[in-house]
$ cat final-v7.cif   # mmCIF, C-alpha atoms
data_entry
#
loop_
_atom_site.label_atom_id
_atom_site.label_comp_id
_atom_site.auth_asym_id
_atom_site.auth_seq_id
_atom_site.Cartn_x
_atom_site.Cartn_y
_atom_site.Cartn_z
CA MET A 1 109.53 -1.46 187.09
CA LYS A 2 106.78 -3.98 186.30
CA HIS A 3 108.99 -5.50 183.59
CA PHE A 4 111.81 -5.88 186.07
CA ARG A 5 109.58 -7.99 188.34
CA TYR A 6 108.68 -10.28 185.40
CA VAL A 7 112.33 -10.74 184.46
CA LEU A 8 113.21 -11.69 188.04
CA LEU A 9 110.31 -14.13 188.25
CA LEU A 10 111.39 -15.72 184.98
CA LEU A 11 114.92 -15.98 186.31
CA VAL A 12 113.77 -17.71 189.48
CA SER A 13 111.63 -20.21 187.53
CA VAL A 14 114.54 -21.01 185.23
CA LEU A 15 116.72 -21.57 188.28
CA LEU A 16 114.18 -23.90 189.84
CA THR A 17 113.82 -26.11 186.77
CA ALA A 18 117.40 -26.38 185.67
CA CYS A 19 119.27 -28.20 188.41
CA SER A 20 118.90 -31.49 186.55
CA ILE A 21 120.43 -30.26 183.28
CA GLU A 22 123.55 -32.18 182.22
CA PRO A 23 126.32 -29.83 181.09
CA TRP A 24 126.78 -30.39 177.35
CA VAL A 25 130.25 -28.85 177.29
CA LYS A 26 132.52 -30.86 179.58
CA PRO A 27 135.19 -29.19 181.71
CA TYR A 28 137.96 -30.74 179.55
CA GLU A 29 136.36 -29.23 176.42
CA ARG A 30 136.75 -25.67 177.61
CA ALA A 31 140.31 -24.90 176.50
CA ASN A 32 139.17 -22.53 173.75
CA LEU A 33 136.65 -20.78 176.02
CA ALA A 34 139.37 -20.24 178.62
CA ASP A 35 141.64 -18.48 176.12
CA PRO A 36 141.99 -14.79 177.14
CA ILE A 37 140.96 -13.70 173.62
CA MET A 38 137.48 -15.16 174.34
CA SER A 39 136.43 -12.16 176.39
CA PHE A 40 133.95 -9.36 175.70
CA SER A 41 136.24 -6.88 177.46
CA ARG A 42 139.76 -8.24 177.87
CA ASP A 43 141.21 -5.15 179.55
CA PRO A 44 138.84 -3.51 182.06
CA VAL A 45 140.76 -0.22 182.21
CA SER A 46 140.40 0.24 178.45
CA ALA A 47 136.79 -0.98 178.34
CA SER A 48 135.65 1.48 180.99
CA TYR A 49 137.40 4.36 179.19
CA VAL A 50 135.72 3.49 175.86
CA HIS A 51 132.40 3.16 177.70
CA HIS A 52 132.82 6.67 179.12
CA VAL A 53 133.72 8.16 175.70
CA GLN A 54 130.49 6.73 174.26
CA GLU A 55 128.23 7.55 177.19
CA VAL A 56 129.17 11.24 177.21
CA ARG A 57 128.36 11.71 173.51
CA GLU A 58 125.34 9.47 172.98
CA GLY A 59 121.76 9.52 174.26
CA ALA A 60 121.74 5.78 174.92
CA ARG A 61 123.21 4.22 178.05
CA GLY A 62 123.36 0.92 179.90
CA ALA A 63 123.66 -2.81 179.14
CA GLY A 64 127.32 -2.49 178.20
CA SER A 65 129.93 -5.16 178.89
CA VAL A 66 131.24 -2.94 181.70
CA SER A 67 129.01 -1.17 184.20
CA GLY A 68 129.58 2.52 184.63
CA GLY A 69 129.16 4.78 187.58
CA GLY A 70 129.27 8.48 188.25
CA CYS A 71 129.58 9.63 184.67
CA GLY A 72 129.12 13.30 185.55
CA CYS A 73 127.96 14.01 182.03
CA ASN A 74 124.81 16.13 181.83
CA MET B 1 109.27 -1.93 192.17
CA HIS B 2 109.41 -1.90 195.93
CA PHE B 3 113.00 -2.12 197.10
CA ARG B 4 112.25 -4.84 199.67
CA SER B 5 110.61 -7.14 197.13
CA PHE B 6 113.68 -6.81 194.89
CA TRP B 7 115.83 -8.14 197.70
CA SER B 8 113.44 -10.93 198.63
CA LEU B 9 113.52 -12.16 195.04
CA LEU B 10 117.27 -11.87 195.02
CA VAL B 11 117.55 -14.01 198.14
CA LEU B 12 115.04 -16.50 196.70
CA SER B 13 117.07 -16.77 193.50
CA ALA B 14 120.21 -17.43 195.48
CA ALA B 15 118.44 -20.03 197.62
CA VAL B 16 117.44 -22.26 194.68
CA LEU B 17 120.95 -22.75 193.38
CA CYS B 18 122.20 -26.28 192.81
CA ALA B 19 125.10 -27.65 194.83
CA PRO B 20 128.48 -26.34 193.66
CA LEU B 21 130.31 -28.43 191.04
CA ARG B 22 133.19 -26.06 190.56
CA ALA B 23 133.84 -22.75 192.22
CA ALA B 24 133.42 -19.45 190.42
CA VAL B 25 136.61 -17.52 189.79
CA LEU B 26 137.58 -14.12 191.08
CA PRO B 27 139.07 -11.58 188.63
CA GLU B 28 142.82 -11.90 188.05
CA ASP B 29 145.34 -9.89 190.06
CA ARG B 30 146.63 -7.25 187.68
CA ALA B 31 147.63 -3.61 187.38
CA ASP B 32 147.02 -1.34 184.38
CA ALA B 33 148.40 2.11 183.67
CA LEU B 34 146.60 3.82 180.80
CA TYR B 35 147.14 7.12 179.01
CA HIS B 36 144.07 8.20 177.02
CA ARG B 37 143.52 11.00 174.56
CA TYR B 38 140.36 12.13 172.77
CA ASP B 39 140.53 14.80 170.08
CA GLY B 40 137.43 15.74 168.10
CA GLY B 41 134.90 18.50 167.43
CA GLY B 42 137.07 21.14 169.12
CA VAL B 43 137.34 19.09 172.33
CA GLU B 44 140.57 17.62 173.63
CA VAL B 45 140.51 15.33 176.66
CA ASP B 46 143.53 13.45 177.93
CA GLY B 47 144.84 11.96 181.14
CA PRO B 48 145.84 8.81 182.98
CA SER B 49 143.81 5.94 184.38
CA ILE B 50 145.40 3.54 186.87
CA LEU B 51 143.62 0.33 187.85
CA VAL B 52 145.02 -2.07 190.44
CA ARG B 53 143.38 -5.30 191.50
CA LYS B 54 144.64 -7.67 194.20
CA GLY B 55 143.06 -10.68 195.86
CA ASN B 56 143.91 -12.86 198.84
CA ASP B 57 143.99 -16.03 196.64
CA LYS B 58 140.89 -17.34 198.43
CA SER B 59 137.69 -15.42 198.59
CA LEU B 60 138.37 -11.69 198.34
CA SER B 61 139.58 -9.43 195.57
CA ALA B 62 139.78 -5.64 195.82
CA PHE B 63 140.33 -2.99 193.17
CA ALA B 64 141.08 0.71 193.07
CA ASN B 65 140.94 2.98 190.05
CA TYR B 66 142.08 6.56 189.57
CA ASN B 67 141.19 8.43 186.39
CA ARG B 68 141.80 12.04 185.41
CA ASP B 69 140.39 13.86 182.39
CA SER B 70 141.99 17.17 181.45
CA VAL B 71 139.53 18.89 179.14
CA THR B 72 140.11 21.76 176.71
CA SER B 73 136.79 22.55 175.11
CA ALA B 74 136.07 24.74 172.12
CA SER B 75 133.20 22.54 170.96
CA ILE B 76 130.51 23.92 168.67
CA ASP B 77 128.15 24.53 171.64
CA VAL B 78 130.86 26.40 173.50
CA VAL B 79 131.95 28.45 170.48
CA THR B 80 128.41 29.49 169.59
CA GLN B 81 127.04 30.02 173.11
CA GLY B 82 129.96 30.80 175.39
CA SER B 83 133.72 30.86 175.44
CA PRO B 84 136.28 28.04 175.35
CA TYR B 85 137.27 26.61 178.73
CA ASP B 86 139.68 24.22 180.42
CA GLU B 87 138.69 21.93 183.26
CA GLN B 88 139.59 18.71 185.03
CA ARG B 89 137.52 15.74 186.04
CA THR B 90 138.89 13.32 188.61
CA GLN B 91 137.34 9.96 189.30
CA TYR B 92 138.13 7.46 192.04
CA SER B 93 136.61 4.00 192.35
CA VAL B 94 137.14 1.30 194.94
CA GLY B 95 135.47 -2.08 195.07
CA LEU B 96 135.49 -5.49 196.65
CA ASP B 97 134.52 -8.89 195.23
CA TYR B 98 133.65 -11.71 197.60
CA LEU B 99 133.60 -15.30 196.38
CA ARG B 100 131.48 -17.89 198.14
CA GLY B 101 130.96 -21.26 196.46
CA LYS B 102 129.66 -20.50 192.99
CA SER B 103 128.60 -16.94 193.73
CA ILE B 104 130.50 -13.68 193.65
CA MET B 105 129.17 -10.61 195.37
CA ASN B 106 130.62 -7.21 194.62
CA LEU B 107 130.34 -3.81 196.16
CA SER B 108 131.88 -0.66 194.71
CA TYR B 109 131.96 3.08 195.21
CA THR B 110 132.81 5.73 192.63
CA ASN B 111 133.33 9.45 193.05
CA SER B 112 133.63 11.77 190.05
CA ASP B 113 134.47 15.40 190.65
CA GLU B 114 134.68 18.53 188.48
CA SER B 115 134.58 22.21 189.40
CA ASP B 116 130.82 22.33 188.72
CA TYR B 117 129.69 18.69 188.97
CA SER B 118 130.21 15.89 191.43
CA ALA B 119 128.76 12.38 191.36
CA ASP B 120 128.81 9.57 193.94
CA THR B 121 127.73 6.07 192.98
CA VAL B 122 127.40 2.93 195.08
CA SER B 123 126.89 -0.39 193.29
CA PHE B 124 126.06 -3.85 194.54
CA GLY B 125 125.94 -6.98 192.44
CA VAL B 126 125.81 -10.72 192.68
CA SER B 127 126.69 -13.29 190.02
CA MET B 128 126.25 -17.07 190.13
CA ASP B 129 127.54 -19.95 188.06
CA MET B 130 125.00 -22.69 187.48
CA PHE B 131 123.97 -25.60 185.25
CA GLY B 132 127.38 -27.24 185.35
CA ASP B 133 128.93 -23.79 185.12
CA LEU B 134 127.67 -23.28 181.58
CA THR B 135 125.52 -20.38 182.72
CA ASN B 136 126.34 -17.32 184.73
CA VAL B 137 123.52 -15.11 185.97
CA SER B 138 124.18 -11.70 187.43
CA MET B 139 122.06 -9.00 189.02
CA GLY B 140 123.02 -5.58 190.21
CA PHE B 141 121.76 -2.36 191.65
CA SER B 142 123.40 1.08 191.71
CA ARG B 143 122.42 4.25 193.42
CA GLY B 144 123.85 7.60 192.41
CA TRP B 145 123.75 11.08 193.86
CA ASP B 146 124.96 14.00 191.73
CA ASP B 147 125.44 17.65 192.70
CA VAL B 148 125.15 20.11 189.84
CA GLU B 149 126.66 23.58 190.14
CA ARG B 150 127.24 26.48 187.76
CA ASN B 151 130.62 28.19 187.74
CA GLY B 152 130.34 31.90 188.50
CA ASP B 153 126.94 31.47 190.16
CA PRO B 154 127.39 30.49 193.85
CA ASP B 155 123.61 30.40 194.41
CA PHE B 156 123.05 27.70 191.82
CA GLU B 157 122.84 24.24 193.42
CA GLU B 158 120.85 21.34 191.99
CA GLU B 159 120.79 17.58 192.50
CA VAL B 160 120.22 14.38 190.54
CA ASP B 161 119.27 10.99 192.00
CA ARG B 162 119.96 7.89 189.94
CA LYS B 163 118.85 4.27 190.30
CA THR B 164 120.12 1.48 188.09
CA TYR B 165 118.99 -2.16 187.95
CA ARG B 166 120.94 -4.72 185.92
CA VAL B 167 120.33 -8.33 184.99
CA GLY B 168 122.81 -10.33 182.93
CA LEU B 169 123.15 -13.82 181.57
CA SER B 170 126.28 -15.38 180.14
CA GLN B 171 125.84 -18.76 178.47
CA VAL B 172 128.32 -21.28 177.10
CA LEU B 173 126.66 -22.46 173.88
CA THR B 174 129.31 -24.82 172.53
CA LYS B 175 132.98 -25.45 173.24
CA ASN B 176 133.70 -22.56 170.86
CA SER B 177 130.93 -20.06 171.50
CA LEU B 178 129.57 -17.83 174.24
CA LEU B 179 126.37 -15.80 174.41
CA GLY B 180 125.71 -12.82 176.65
CA ILE B 181 122.44 -11.04 177.33
CA ALA B 182 122.25 -7.89 179.44
CA TRP B 183 119.37 -5.72 180.47
CA GLU B 184 119.67 -2.44 182.34
CA THR B 185 117.07 0.03 183.45
CA ILE B 186 118.04 3.46 184.76
CA SER B 187 115.87 6.12 186.35
CA ASP B 188 117.07 9.66 186.93
CA GLU B 189 115.36 12.34 188.91
CA GLY B 190 116.47 15.93 189.37
CA PHE B 191 118.23 18.59 187.33
CA LEU B 192 119.02 16.71 184.13
CA ASN B 193 119.94 19.47 181.72
CA ASN B 194 123.19 21.33 181.34
CA PRO B 195 123.10 24.64 183.26
CA TYR B 196 125.11 26.46 180.57
CA ARG B 197 123.38 25.37 177.38
CA SER B 198 120.71 27.24 175.45
CA VAL B 199 118.21 26.57 172.71
CA ARG B 200 117.56 28.93 169.82
CA TYR B 201 114.25 30.30 168.59
CA LEU B 202 113.21 32.44 165.64
CA ASP B 203 113.38 36.11 166.54
CA PRO B 204 112.78 38.61 163.70
CA GLY B 205 113.93 41.40 166.02
CA SER B 206 117.43 39.93 166.21
CA GLY B 207 120.05 40.77 163.56
CA ILE B 208 120.80 37.09 162.86
CA GLY B 209 117.14 36.06 162.82
CA TYR B 210 117.17 34.06 166.05
CA SER B 211 117.90 34.40 169.79
CA PHE B 212 118.81 32.02 172.62
CA GLN B 213 117.08 31.01 175.86
CA PRO B 214 118.22 28.46 178.49
CA GLU B 215 117.33 24.84 177.81
CA ARG B 216 114.79 23.09 180.06
CA TYR B 217 114.54 19.31 180.46
CA PRO B 218 111.98 17.19 182.30
CA ASN B 219 112.99 16.30 185.87
CA THR B 220 112.72 12.56 185.30
CA ARG B 221 114.11 10.15 182.76
CA ASN B 222 113.65 6.38 182.65
CA SER B 223 115.54 4.25 180.18
CA ASN B 224 115.82 0.59 179.23
CA ALA B 225 118.60 -1.09 177.31
CA LEU B 226 118.80 -4.69 176.15
CA ALA B 227 121.99 -6.06 174.67
CA VAL B 228 122.82 -9.39 173.09
CA ARG B 229 126.46 -10.28 172.41
CA ALA B 230 128.16 -13.37 171.09
CA LEU B 231 131.75 -14.60 170.92
CA TYR B 232 133.01 -17.31 168.62
CA TYR B 233 136.38 -19.06 168.66
CA LEU B 234 137.55 -19.74 165.10
CA PRO B 235 139.18 -23.03 164.03
CA PHE B 236 142.56 -21.30 164.07
CA ARG B 237 143.41 -19.29 167.22
CA ALA B 238 141.28 -16.16 166.72
CA ALA B 239 138.00 -14.83 168.08
CA THR B 240 135.11 -12.92 166.52
CA ARG B 241 132.42 -11.09 168.39
CA ALA B 242 129.13 -9.42 167.51
CA GLU B 243 126.93 -7.22 169.67
CA TYR B 244 123.58 -5.56 169.30
CA ARG B 245 121.88 -3.21 171.75
CA TYR B 246 118.42 -1.68 171.69
CA PHE B 247 117.77 1.37 173.81
CA THR B 248 114.57 3.27 174.54
CA ASP B 249 113.68 5.95 177.08
CA SER B 250 110.84 8.09 178.39
CA TRP B 251 112.07 11.05 176.32
CA ASN B 252 111.34 9.00 173.20
CA ILE B 253 114.95 8.42 172.24
CA ASP B 254 115.30 5.07 170.50
CA ALA B 255 118.80 3.88 169.71
CA HIS B 256 120.36 0.88 168.00
CA THR B 257 124.00 -0.11 168.41
CA ALA B 258 125.73 -2.81 166.39
CA GLU B 259 129.35 -3.77 166.89
CA ALA B 260 131.61 -6.44 165.44
CA GLY B 261 135.14 -7.32 166.47
CA TYR B 262 137.93 -9.64 165.50
CA THR B 263 140.91 -10.66 167.66
CA HIS B 264 143.92 -12.42 166.16
CA PRO B 265 147.04 -13.41 168.10
CA PHE B 266 150.31 -14.21 166.35
CA GLY B 267 153.40 -14.94 168.43
CA HIS B 268 153.73 -12.34 171.16
CA TRP B 269 151.30 -10.01 169.39
CA ILE B 270 147.52 -9.68 169.49
CA ILE B 271 145.69 -7.55 166.95
CA ASP B 272 142.13 -6.33 167.56
CA LEU B 273 139.85 -4.88 164.91
CA LYS B 274 136.38 -3.47 165.51
CA PHE B 275 133.60 -1.63 163.77
CA ARG B 276 130.66 -0.02 165.55
CA TYR B 277 127.52 1.63 164.22
CA TYR B 278 125.24 3.70 166.43
CA THR B 279 122.01 5.47 165.51
CA GLN B 280 119.43 7.30 167.61
CA THR B 281 116.24 9.28 167.19
CA SER B 282 115.88 12.65 168.91
CA ALA B 283 114.16 13.36 172.23
CA ASP B 284 110.57 14.39 171.54
CA PHE B 285 111.10 17.88 172.98
CA TYR B 286 114.31 18.49 171.00
CA SER B 287 114.43 21.10 168.27
CA ASP B 288 117.26 22.79 166.42
CA LEU B 289 115.14 25.93 166.06
CA TYR B 290 111.94 26.69 167.96
CA PRO B 291 109.34 28.94 166.26
CA PHE B 292 109.24 31.43 169.15
CA ARG B 293 110.45 31.94 172.74
CA ASP B 294 109.01 29.44 175.28
CA ALA B 295 107.48 27.49 172.40
CA GLN B 296 106.93 24.47 174.68
CA ASN B 297 107.41 23.34 178.29
CA PHE B 298 110.60 21.42 177.66
CA LEU B 299 113.34 22.72 175.41
CA ALA B 300 116.57 21.07 174.30
CA ARG B 301 119.18 21.69 171.66
CA ASP B 302 121.89 19.32 172.89
CA LYS B 303 123.35 17.37 170.02
CA GLU B 304 123.39 14.28 172.27
CA LEU B 305 119.57 14.42 172.24
CA SER B 306 119.26 15.04 168.49
CA SER B 307 118.87 12.45 165.79
CA PHE B 308 122.26 11.21 164.57
CA ASP B 309 124.41 8.32 163.40
CA SER B 310 127.94 7.54 164.45
CA TYR B 311 130.50 5.15 163.00
CA THR B 312 133.59 3.85 164.81
CA ALA B 313 136.49 1.94 163.29
CA GLY B 314 139.12 0.76 165.73
CA VAL B 315 142.41 -1.09 165.75
CA GLY B 316 144.38 -2.36 168.74
CA LEU B 317 147.80 -3.90 169.03
CA SER B 318 149.14 -5.69 172.12
CA TYR B 319 152.59 -7.07 172.77
CA GLU B 320 152.84 -9.72 175.48
CA PHE B 321 156.09 -9.95 177.41
CA ALA B 322 157.46 -12.00 180.33
CA ARG B 323 155.03 -14.80 179.49
CA GLY B 324 157.11 -17.24 181.52
CA GLY B 325 157.18 -14.89 184.50
CA TRP B 326 159.76 -12.29 185.51
CA GLY B 327 160.39 -11.49 189.19
CA PHE B 328 157.02 -11.08 190.87
CA ILE B 329 155.31 -10.62 187.47
CA ASP B 330 153.46 -13.57 185.91
CA LYS B 331 153.16 -11.81 182.55
CA GLY B 332 152.75 -8.37 181.05
CA SER B 333 151.45 -6.60 177.97
CA LEU B 334 151.99 -3.28 176.27
CA ASN B 335 148.93 -2.11 174.37
CA PHE B 336 148.00 0.56 171.87
CA ALA B 337 144.48 1.25 170.59
CA TYR B 338 143.17 3.79 168.11
CA ASP B 339 139.50 4.52 167.35
CA TYR B 340 138.25 6.80 164.61
CA ILE B 341 134.70 8.02 165.28
CA TYR B 342 132.53 9.96 162.85
CA PHE B 343 129.38 11.71 164.11
CA ASP B 344 126.77 12.73 161.54
CA TYR B 345 123.85 14.81 162.85
CA ASP B 346 120.47 14.98 161.07
CA ASP B 347 118.82 17.93 162.79
CA TYR B 348 121.57 19.75 164.66
CA ARG B 349 122.70 22.55 162.38
CA ASP B 350 126.07 24.22 162.15
CA ILE B 351 125.12 27.77 163.09
CA ARG B 352 128.67 29.01 162.64
CA ASP B 353 127.59 29.29 159.00
CA THR B 354 125.78 32.65 158.95
CA SER B 355 125.39 32.81 155.18
CA GLN B 356 122.21 30.70 155.33
CA PRO B 357 118.84 31.74 156.76
CA PRO B 358 118.06 30.28 160.25
CA GLY B 359 117.05 26.63 160.03
CA GLN B 360 118.70 26.08 156.65
CA GLU B 361 122.33 25.81 157.73
CA ASP B 362 124.06 22.51 156.90
CA PRO B 363 123.70 19.74 159.50
CA TYR B 364 126.75 19.46 161.75
CA SER B 365 129.21 16.58 161.61
CA PHE B 366 132.65 15.93 163.08
CA SER B 367 135.22 13.21 163.54
CA ALA B 368 137.24 12.25 166.60
CA ASP B 369 140.52 10.43 167.13
CA VAL B 370 140.74 8.36 170.31
CA PHE B 371 144.10 6.99 171.45
CA GLN B 372 144.94 4.63 174.30
CA LEU B 373 148.38 3.50 175.36
CA TYR B 374 148.60 1.19 178.36
CA LEU B 375 150.81 -1.20 180.23
CA SER B 376 149.31 -4.20 182.02
CA ILE B 377 151.01 -6.58 184.41
CA TRP B 378 149.66 -9.73 186.05
CA TYR B 379 151.09 -10.92 189.36
#

$ encode --input "final-v7.cif" --output "structure tokens"
Amino acid sequence: MKHFRYVLLLLVSVLLTACSIEPWVKPYERANLADPIMSFSRDPVSASYVHHVQEVREGARGAGSVSGGGCGCN
Amino acid sequence: MHFRSFWSLLVLSAAVLCAPLRAAVLPEDRADALYHRYDGGGVEVDGPSILVRKGNDKSLSAFANYNRDSVTSASIDVVTQGSPYDEQRTQYSVGLDYLRGKSIMNLSYTNSDESDYSADTVSFGVSMDMFGDLTNVSMGFSRGWDDVERNGDPDFEEEVDRKTYRVGLSQVLTKNSLLGIAWETISDEGFLNNPYRSVRYLDPGSGIGYSFQPERYPNTRNSNALAVRALYYLPFRAATRAEYRYFTDSWNIDAHTAEAGYTHPFGHWIIDLKFRYYTQTSADFYSDLYPFRDAQNFLARDKELSSFDSYTAGVGLSYEFARGGWGFIDKGSLNFAYDYIYFDYDDYRDIRDTSQPPGQEDPYSFSADVFQLYLSIWY
């Protein structure tokens, strides 16, 4: 849990220092980023199913592009 | 970490945000109806998943999900330690997202229910756009309560408590690339093993050279996972992505996951290709064959806790229809996805082979076919 506190502190310091940063990608330059294919999980229903298939059969868990819940998989 | 200090930091983080330049965006209104099927290693699981999301066009968006898994299991554990079974798992989720300025708060509840296992999870999260909306920071907390039962044994009743903390960062790097970093720590406390599974130990008195005893896990498990993922938009209309995740836990399982994907639209069609590699070390109390009964405090012979590699190759095909709108529908898509997964175990042996002495059977391996067929509509 100690690590978690450090990460949060880091996050807060970054927040405090960054209000003056000029965005280097302008709103009108974001056409490609707004394309639906630029998504880590385009279809949530499919992403959460794939996440479940992996979580049940692997020892590792967490930090996926979808958050799970109630796996029921001891 | 003390729960109260987590919240004070959360509030502090929210308080230092810059003034909004552009509002964050709620998830799109859409409905998905999915049929899924998994077939591998003697296990067949199939069923529907329905996900509906609807917002009020201003500040609220709600979702509901229903998923059912119908399981027929004659897996290697079941064949060698019990008898094949059928069962159903039903999962419901509901959630609400609330948009305020550049922040979105979400709250969700999930219930998963089987004849011998039920799990309730409540999640809360907040995400904020900042730095000219090039950066999105998210934090979340989940709390889970599981009830573990054993079919045929009405006196057996155990519990598991779960706590999950998540921190995520999504960063626009250039007008063609995105970076995501996610960190998640999970702590479990309670009955963490499977009430049906056994471990094997050398037993010269037994005809086959070994006997079984119930597995026994520690009552706590803490894990950390850190993932880095990147998306890149190619000069022609296509996207590539790469992901890496490192995982470590208090049972000494270390895992690495690497995944790469490619998405290419042409006309009404979108094709997705992916490859995923996963490798893990075994839990430190795991053994395929213990030297004698009660050889150590904790005992496990679950293949999920053994040392293994897995490889996934996947292809997806989507057809977009009604792109100009049709009735109340803004657009729709019909999607098919197929994943081939190969699991290759290092120290989990195939004990169906009785021609070899105990401990010298071939390591187990199997492949699985995973199908998804789904219809999505946006409105």

$ closest_residue --input "final-v7.cif" --among "B:Gly42, B:Pro218, B:Pro204, B:Pro154" --to "Leu192 of chain B" --atoms "only C-alpha atoms"
B:Pro218

$ resolve_selection --input "final-v7.cif" --expression "the PyMOL selection byres ((chain B) within 7 of (chain A))" --output "number ranges by chain"
B: 1, 13, 16-18, 32, 51, 110-112, 117-121, 131-132, 134, 144, 174-176, 182-184, 192-194, 225-227, 231, 233, 239, 247, 255, 263, 304-305

$ resolve_selection --input "final-v7.cif" --expression "the PyMOL selection byres ((chain B and resi 54-57) around 10)" --output "PyMOL selection string"
chain B and resi 26-31+52-53+58-64+96-98+378-379

$ residues_around --input "final-v7.cif" --residues "Leu34 of chain B" --least-positions-apart "6" --cutoff "8 Å" --atoms "only C-alpha atoms" --output "VMD selection string"
(chain A and resid 45 to 46) or (chain B and resid 48 to 50 372 to 375)

$ atom_distance --input "final-v7.cif" --atom1 "atom CA of Ser73 of chain B" --atom2 "atom CA of Gln88 of chain B"
11.0 Å

$ atom_distance --input "final-v7.cif" --atom1 "atom CA of Val79 of chain B" --atom2 "atom CA of Tyr338 of chain B"
27.2 Å

$ atom_distance --input "final-v7.cif" --atom1 "atom CA of Met139 of chain B" --atom2 "atom CA of Phe124 of chain B"
8.5 Å

$ resolve_selection --input "final-v7.cif" --expression "the PyMOL selection byres ((chain B and resi 106) around 9)" --output "ChimeraX atom specification"
/B:95-99,104-105,107-108,123-127,140

$ closest_residue --input "final-v7.cif" --among "B:Gly332, B:Gly314, B:Gly168, B:Gly325" --to "Ala368 of chain B" --atoms "all atoms listed in the file"
B:Gly314

$ closest_residue --input "final-v7.cif" --among "B:Glu149, B:Asp309, B:Asp77, B:Asp249" --to "Thr185 of chain B" --atoms "all atoms listed in the file"
B:Asp249

$ closest_residue --input "final-v7.cif" --among "B:Ser287, B:Gln296, B:Gln81, B:Ser307" --to "Ile253 of chain B" --atoms "only C-alpha atoms"
B:Ser307

$ closest_residue --input "final-v7.cif" --among "B:Tyr286, B:Tyr340, B:Tyr277, B:Tyr92" --to "Tyr66 of chain B" --atoms "all atoms listed in the file"
B:Tyr92

$ residues_around --input "final-v7.cif" --residues "Ala313 of chain B" --least-positions-apart "4" --cutoff "6 Å" --atoms "all atoms listed in the file" --output "PyMOL selection string"
chain B and resi 274-275+339-340

$ closest_residue --input "final-v7.cif" --among "B:Val172, B:Leu299, B:Leu179, B:Ala322" --to "Trp251 of chain B" --atoms "all atoms listed in the file"
B:Leu299

$ residues_near_point --input "final-v7.cif" --point "(113.7, 32.3, 164.4)" --cutoff "6 Å" --atoms "all atoms listed in the file" --output "ChimeraX atom specification"
/B:201-203,209-210,291
